[in-house]
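Novice: Got a structure for you, written out below as structure tokens; questions coming shortly.
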Amino acid sequence: MNAVAVVAAGGSSSRMGFDKMAGMLCGVPLLARTLQRLKEVAELREIIAAVPPGSEERLRSSCITPFGLEACVRLVAGGPARVHSVWNAMRALRSEPDVIAIHDGARPFVSVAVIRDALRTAQEHGGALAALPMIPTVKRVHGRRVVATIDRTHLWCAATPQAFRYRAFLRAYEDMWASGVDVTTLTDDAQIFERAGGTVLIVESNLENIKLTTPFDWRIGEMLAAQK
């Protein structure tokens with residue numbers, strides 16, 4: 001399989017309160033941990049990380065060079081929204097792959113098995129996303145008044161990686177730009193693929209594949225990193 005990975009790492013880290021991509025988890029920067037995990041997947045011939053504009057050299061010197069990742073990872077400037085960052089990374093690809101995987105830079109504990117499962121499923125069916133079944137009871141509210149309890153039977157919590165046949169994914173992005181949709185309403189790449197009529201199948205994620213967004217998440221990440 002000829003596959004590539006795009007790492008969405010262009011956010012402002014506003015909810016974390018510090019630059020989380022360069023933040024140290026047991027002595028290793030978060031972004032480096034995520035990139036090291038992707039490097040373990042032999043099917044990924046190229047990895048491009050979209051990072052905050054102007055941070056490329058700083059992150060290269062702290063997260064790429066010290067960990068021997070120069071040969072397989074390139075950094076590009078992200079954009080104002082996730083879709084811009086992913087698009088910038090796609091335009092930087094050196095060659096056209098069969099499958100593209102999009103992964104959050106803040107998910108360093110995804111398993112290699114989940115990544116490979118997503119790539120294989122996308123190659124066979126068009127699209128795949130890592131997810132876990134919804135566990136908490138979910139309420140619909142109006143203001144703060146509970147108006148309904150939602151049936152969890154068919155609800156899953158989406159994560160990344162999300163993988164797609166490249167040409168179909170490229171067309172989905174081109175259709176999105178042409179539609180004039182408010183891109184701030186698009187919260188993941190599977191949604192863009194779905195809008196274009198693509199088929200997306202679930203692959204079950206590993207429980208450790210959490211996204212480090214808040215200081216509480218960071219504390220959990222430190223515990224997971226210490227165990228590994």
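As shown in the structure tokens, the chain order sets the letters A, B, ...; within each chain, residues go from 1, and ligands are also counted from 1 in the order they appear.
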For stretch 23-37 of chain A, find every residue with an atom within 9 Å (counting only C-alpha atoms), except residues of its own chain fewer than 3 positions away, and show them as a ChimeraX atom specification.
Specialist: /A:7,9,18-20,40-41,47,49,59,62-64,67,69,73,103-112,218,221-223,225-226
Novice: Next, write the just-selected residues to a file, as a compact mmCIF listing (two decimals), in the first residue's frame, keeping N, CA and C atoms as the atom set.
Specialist:
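See result.txt below for the written result:
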# COMPACT_ATOMS: atom_id res chain seq x y z
N VAL A 7 -0.60 15.17 9.61
CA VAL A 7 -0.80 15.41 11.04
C VAL A 7 -1.31 16.83 11.23
N ALA A 9 -1.65 19.68 13.36
CA ALA A 9 -1.02 20.18 14.58
C ALA A 9 -0.90 21.70 14.55
N PHE A 18 -0.68 26.44 27.09
CA PHE A 18 0.73 26.52 26.69
C PHE A 18 0.87 25.80 25.36
N ASP A 19 2.01 25.98 24.71
CA ASP A 19 2.26 25.34 23.42
C ASP A 19 2.41 23.84 23.62
N LYS A 20 1.30 23.12 23.45
CA LYS A 20 1.33 21.70 23.81
C LYS A 20 2.17 20.86 22.85
N GLU A 40 6.34 4.21 12.94
CA GLU A 40 6.36 2.76 13.13
C GLU A 40 5.52 2.02 12.08
N VAL A 41 4.69 2.76 11.34
CA VAL A 41 3.79 2.14 10.37
C VAL A 41 4.48 2.14 9.00
N ILE A 47 5.12 11.55 5.81
CA ILE A 47 4.36 12.15 6.91
C ILE A 47 4.56 13.65 6.84
N ALA A 49 3.34 17.21 8.70
CA ALA A 49 2.66 17.82 9.84
C ALA A 49 2.41 19.29 9.55
N LEU A 59 9.87 24.05 15.82
CA LEU A 59 9.41 22.69 16.05
C LEU A 59 10.33 21.67 15.37
N SER A 62 13.18 21.16 17.77
CA SER A 62 12.86 20.54 19.06
C SER A 62 12.18 19.19 18.93
N CYS A 63 11.46 18.96 17.82
CA CYS A 63 10.64 17.74 17.71
C CYS A 63 11.04 16.81 16.57
N ILE A 64 11.82 17.29 15.62
CA ILE A 64 12.16 16.47 14.45
C ILE A 64 13.62 16.02 14.50
N PHE A 67 15.14 13.60 17.20
CA PHE A 67 14.57 12.25 17.24
C PHE A 67 14.75 11.50 15.92
N LEU A 69 13.90 12.20 12.82
CA LEU A 69 12.70 12.10 12.00
C LEU A 69 12.80 12.88 10.68
N VAL A 73 9.62 12.95 7.87
CA VAL A 73 8.64 13.96 8.28
C VAL A 73 9.00 15.31 7.69
N HIS A 103 -4.37 12.54 11.03
CA HIS A 103 -4.27 12.22 12.46
C HIS A 103 -4.01 13.49 13.25
N ASP A 104 -4.61 13.55 14.43
CA ASP A 104 -4.40 14.70 15.32
C ASP A 104 -3.00 14.65 15.92
N GLY A 105 -2.31 15.78 15.88
CA GLY A 105 -1.00 15.84 16.51
C GLY A 105 -1.05 15.60 18.00
N ALA A 106 -2.21 15.83 18.61
CA ALA A 106 -2.37 15.68 20.06
C ALA A 106 -2.87 14.30 20.46
N ARG A 107 -2.72 13.31 19.58
CA ARG A 107 -3.08 11.91 19.92
C ARG A 107 -1.84 11.04 19.79
N PRO A 108 -0.93 11.09 20.77
CA PRO A 108 0.32 10.34 20.64
C PRO A 108 0.23 8.87 20.99
N PHE A 109 -0.90 8.43 21.57
CA PHE A 109 -0.97 7.07 22.09
C PHE A 109 -1.83 6.14 21.23
N VAL A 110 -2.12 6.54 19.99
CA VAL A 110 -2.82 5.64 19.07
C VAL A 110 -1.95 4.42 18.84
N SER A 111 -2.57 3.27 18.68
CA SER A 111 -1.79 2.05 18.45
C SER A 111 -1.50 1.88 16.97
N VAL A 112 -0.39 1.20 16.67
CA VAL A 112 -0.04 0.89 15.29
C VAL A 112 -1.13 0.04 14.65
N TRP A 218 -3.66 16.48 29.89
CA TRP A 218 -2.19 16.43 29.93
C TRP A 218 -1.70 15.56 31.08
N GLY A 221 -2.04 12.13 30.03
CA GLY A 221 -0.98 11.84 29.07
C GLY A 221 0.35 11.57 29.74
N GLU A 222 0.65 12.32 30.80
CA GLU A 222 1.89 12.08 31.54
C GLU A 222 1.91 10.68 32.15
N MET A 223 0.77 10.25 32.67
CA MET A 223 0.70 8.91 33.25
C MET A 223 0.88 7.83 32.19
N ALA A 225 2.41 8.18 29.29
CA ALA A 225 3.80 8.24 28.81
C ALA A 225 4.75 7.55 29.80
N ALA A 226 4.50 7.74 31.08
CA ALA A 226 5.36 7.11 32.11
C ALA A 226 5.25 5.59 32.05
Novice: Which residues come within 10 Å of stretch 131-145 of chain A, counting only C-alpha atoms, excluding same-chain residues fewer than 5 positions away, as number ranges by chain?
Specialist: A: 114, 150-162, 201-207, 209
Novice: Per DSSP on the backbone, what are the strand (DSSP E or B) residues of stretch 9-88 of chain A, as a PDB file with N, CA and C atoms, in the first residue's frame?
Specialist:
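Printed below is states07.pdb as written:
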ATOM      1  N   MET A  24       6.632  18.867  26.988  1.00  0.00           N
ATOM      2  CA  MET A  24       7.326  17.615  27.278  1.00  0.00           C
ATOM      3  C   MET A  24       6.435  16.628  28.036  1.00  0.00           C
ATOM      4  N   LEU A  25       6.304  15.437  27.471  1.00  0.00           N
ATOM      5  CA  LEU A  25       5.660  14.310  28.150  1.00  0.00           C
ATOM      6  C   LEU A  25       6.753  13.314  28.495  1.00  0.00           C
ATOM      7  N   VAL A  28       9.841  13.877  26.269  1.00  0.00           N
ATOM      8  CA  VAL A  28       9.689  13.857  24.808  1.00  0.00           C
ATOM      9  C   VAL A  28       8.556  14.801  24.425  1.00  0.00           C
ATOM     10  N   PRO A  29       8.783  15.727  23.484  1.00  0.00           N
ATOM     11  CA  PRO A  29       7.705  16.635  23.081  1.00  0.00           C
ATOM     12  C   PRO A  29       6.504  15.867  22.524  1.00  0.00           C
ATOM     13  N   LEU A  44       3.203   3.874   5.685  1.00  0.00           N
ATOM     14  CA  LEU A  44       3.210   5.324   5.517  1.00  0.00           C
ATOM     15  C   LEU A  44       4.535   5.758   4.903  1.00  0.00           C
ATOM     16  N   ARG A  45       4.509   6.130   3.635  1.00  0.00           N
ATOM     17  CA  ARG A  45       5.727   6.488   2.915  1.00  0.00           C
ATOM     18  C   ARG A  45       6.145   7.934   3.170  1.00  0.00           C
ATOM     19  N   GLU A  46       5.197   8.760   3.621  1.00  0.00           N
ATOM     20  CA  GLU A  46       5.471  10.180   3.827  1.00  0.00           C
ATOM     21  C   GLU A  46       4.582  10.680   4.957  1.00  0.00           C
ATOM     22  N   ILE A  47       5.117  11.547   5.808  1.00  0.00           N
ATOM     23  CA  ILE A  47       4.359  12.150   6.905  1.00  0.00           C
ATOM     24  C   ILE A  47       4.564  13.650   6.839  1.00  0.00           C
ATOM     25  N   ILE A  48       3.459  14.382   6.763  1.00  0.00           N
ATOM     26  CA  ILE A  48       3.520  15.840   6.720  1.00  0.00           C
ATOM     27  C   ILE A  48       2.714  16.383   7.884  1.00  0.00           C
ATOM     28  N   ALA A  49       3.336  17.207   8.701  1.00  0.00           N
ATOM     29  CA  ALA A  49       2.664  17.816   9.842  1.00  0.00           C
ATOM     30  C   ALA A  49       2.413  19.288   9.550  1.00  0.00           C
ATOM     31  N   ALA A  50       1.167  19.710   9.679  1.00  0.00           N
ATOM     32  CA  ALA A  50       0.804  21.122   9.530  1.00  0.00           C
ATOM     33  C   ALA A  50       0.828  21.765  10.909  1.00  0.00           C
ATOM     34  N   VAL A  51       1.700  22.744  11.092  1.00  0.00           N
ATOM     35  CA  VAL A  51       1.941  23.364  12.401  1.00  0.00           C
ATOM     36  C   VAL A  51       1.622  24.854  12.321  1.00  0.00           C
ATOM     37  N   VAL A  73       9.621  12.946   7.869  1.00  0.00           N
ATOM     38  CA  VAL A  73       8.638  13.958   8.279  1.00  0.00           C
ATOM     39  C   VAL A  73       9.000  15.311   7.694  1.00  0.00           C
ATOM     40  N   ARG A  74       7.993  15.996   7.155  1.00  0.00           N
ATOM     41  CA  ARG A  74       8.155  17.390   6.749  1.00  0.00           C
ATOM     42  C   ARG A  74       7.112  18.240   7.463  1.00  0.00           C
ATOM     43  N   LEU A  75       7.473  19.481   7.734  1.00  0.00           N
ATOM     44  CA  LEU A  75       6.565  20.425   8.380  1.00  0.00           C
ATOM     45  C   LEU A  75       6.130  21.477   7.373  1.00  0.00           C
ATOM     46  N   VAL A  76       4.821  21.811   7.416  1.00  0.00           N
ATOM     47  CA  VAL A  76       4.298  22.907   6.600  1.00  0.00           C
ATOM     48  C   VAL A  76       3.484  23.818   7.504  1.00  0.00           C
ATOM     49  N   ALA A  77       3.268  25.045   7.040  1.00  0.00           N
ATOM     50  CA  ALA A  77       2.452  25.990   7.801  1.00  0.00           C
ATOM     51  C   ALA A  77       0.990  25.604   7.718  1.00  0.00           C
TER      52      ALA A  77
END
Novice: Counting only C-alpha atoms, which of A:Leu129, A:Val183, A:Ile100, A:Ala172 gets nearest to A:His84?
Specialist: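 The shortest atom-to-atom distance to A:His84 comes from A:Val183.
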Novice: How would you write, as a count of residues only, the set of residues in stretch 109-191 of chain A that DSSP gives as helix (DSSP H, G or I)?
Specialist: 34
Novice: So, counting only C-alpha atoms, which residue among A:Val4, A:Met21, A:Ile102, A:Leu224 is closest to A:Arg82?
Specialist: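 Result for the nearest residue to A:Arg82: A:Ile102.
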Novice: Can you tell me which residues surround A:Pro80 at a distance of at most 10 Å, considering only C-alpha atoms, apart from same-chain residues fewer than 4 positions away, and format the answer as number ranges by chain?
Specialist: A: 10-12, 52-53, 84-85, 184
Novice: Report as a PyMOL selection string all protein, DNA and RNA residues lying within 8 Å of A:Glu43, evaluated on only C-alpha atoms, omitting residues in the same chain fewer than 4 positions from it.
Specialist: chain A and resi 1-4+116
Novice: Take the residues from that selection and write them out as a PDB file, in the first residue's frame, keeping N, CA and C atoms.
Specialist:
ATOM      1  N   MET A   1       0.833  -1.189   0.000  1.00  0.00           N
ATOM      2  CA  MET A   1       0.000   0.000   0.000  1.00  0.00           C
ATOM      3  C   MET A   1       0.876   1.251   0.000  1.00  0.00           C
ATOM      4  N   ASN A   2       0.544   2.193  -0.860  1.00  0.00           N
ATOM      5  CA  ASN A   2       1.221   3.478  -0.890  1.00  0.00           C
ATOM      6  C   ASN A   2       0.355   4.476  -0.120  1.00  0.00           C
ATOM      7  N   ALA A   3       0.730   4.762   1.114  1.00  0.00           N
ATOM      8  CA  ALA A   3      -0.076   5.626   1.974  1.00  0.00           C
ATOM      9  C   ALA A   3       0.777   6.754   2.536  1.00  0.00           C
ATOM     10  N   VAL A   4       0.102   7.851   2.876  1.00  0.00           N
ATOM     11  CA  VAL A   4       0.758   8.991   3.524  1.00  0.00           C
ATOM     12  C   VAL A   4      -0.081   9.396   4.726  1.00  0.00           C
ATOM     13  N   ARG A 116      -3.096   0.844  11.093  1.00  0.00           N
ATOM     14  CA  ARG A 116      -3.099  -0.095   9.966  1.00  0.00           C
ATOM     15  C   ARG A 116      -4.521  -0.545   9.612  1.00  0.00           C
TER      16      ARG A 116
END
Novice: Work out how far atom CA of A:Val99 is from atom CA of A:Asp188, in Å to one decimal.
Specialist: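 Rounded to one decimal, the two atoms are 17.1 Å apart.
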Novice: When you look at stretch 173-176 of chain A with a cut-off of 12 Å (counting only C-alpha atoms), what residues show up, excluding the ones that are within fewer than 6 positions of it in the same chain? I need them as a ChimeraX atom specification.
Specialist: /A:83-84,86-88,90-91,164,166-167,182-183,185-186,188-198
Novice: Given only C-alpha atoms as the basis, pick out the residue of A:Ala163, A:Leu93, A:Ala22, A:Ala42 nearest to A:Arg60.
Specialist: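 Of all the options, A:Ala22 lies closest to A:Arg60.
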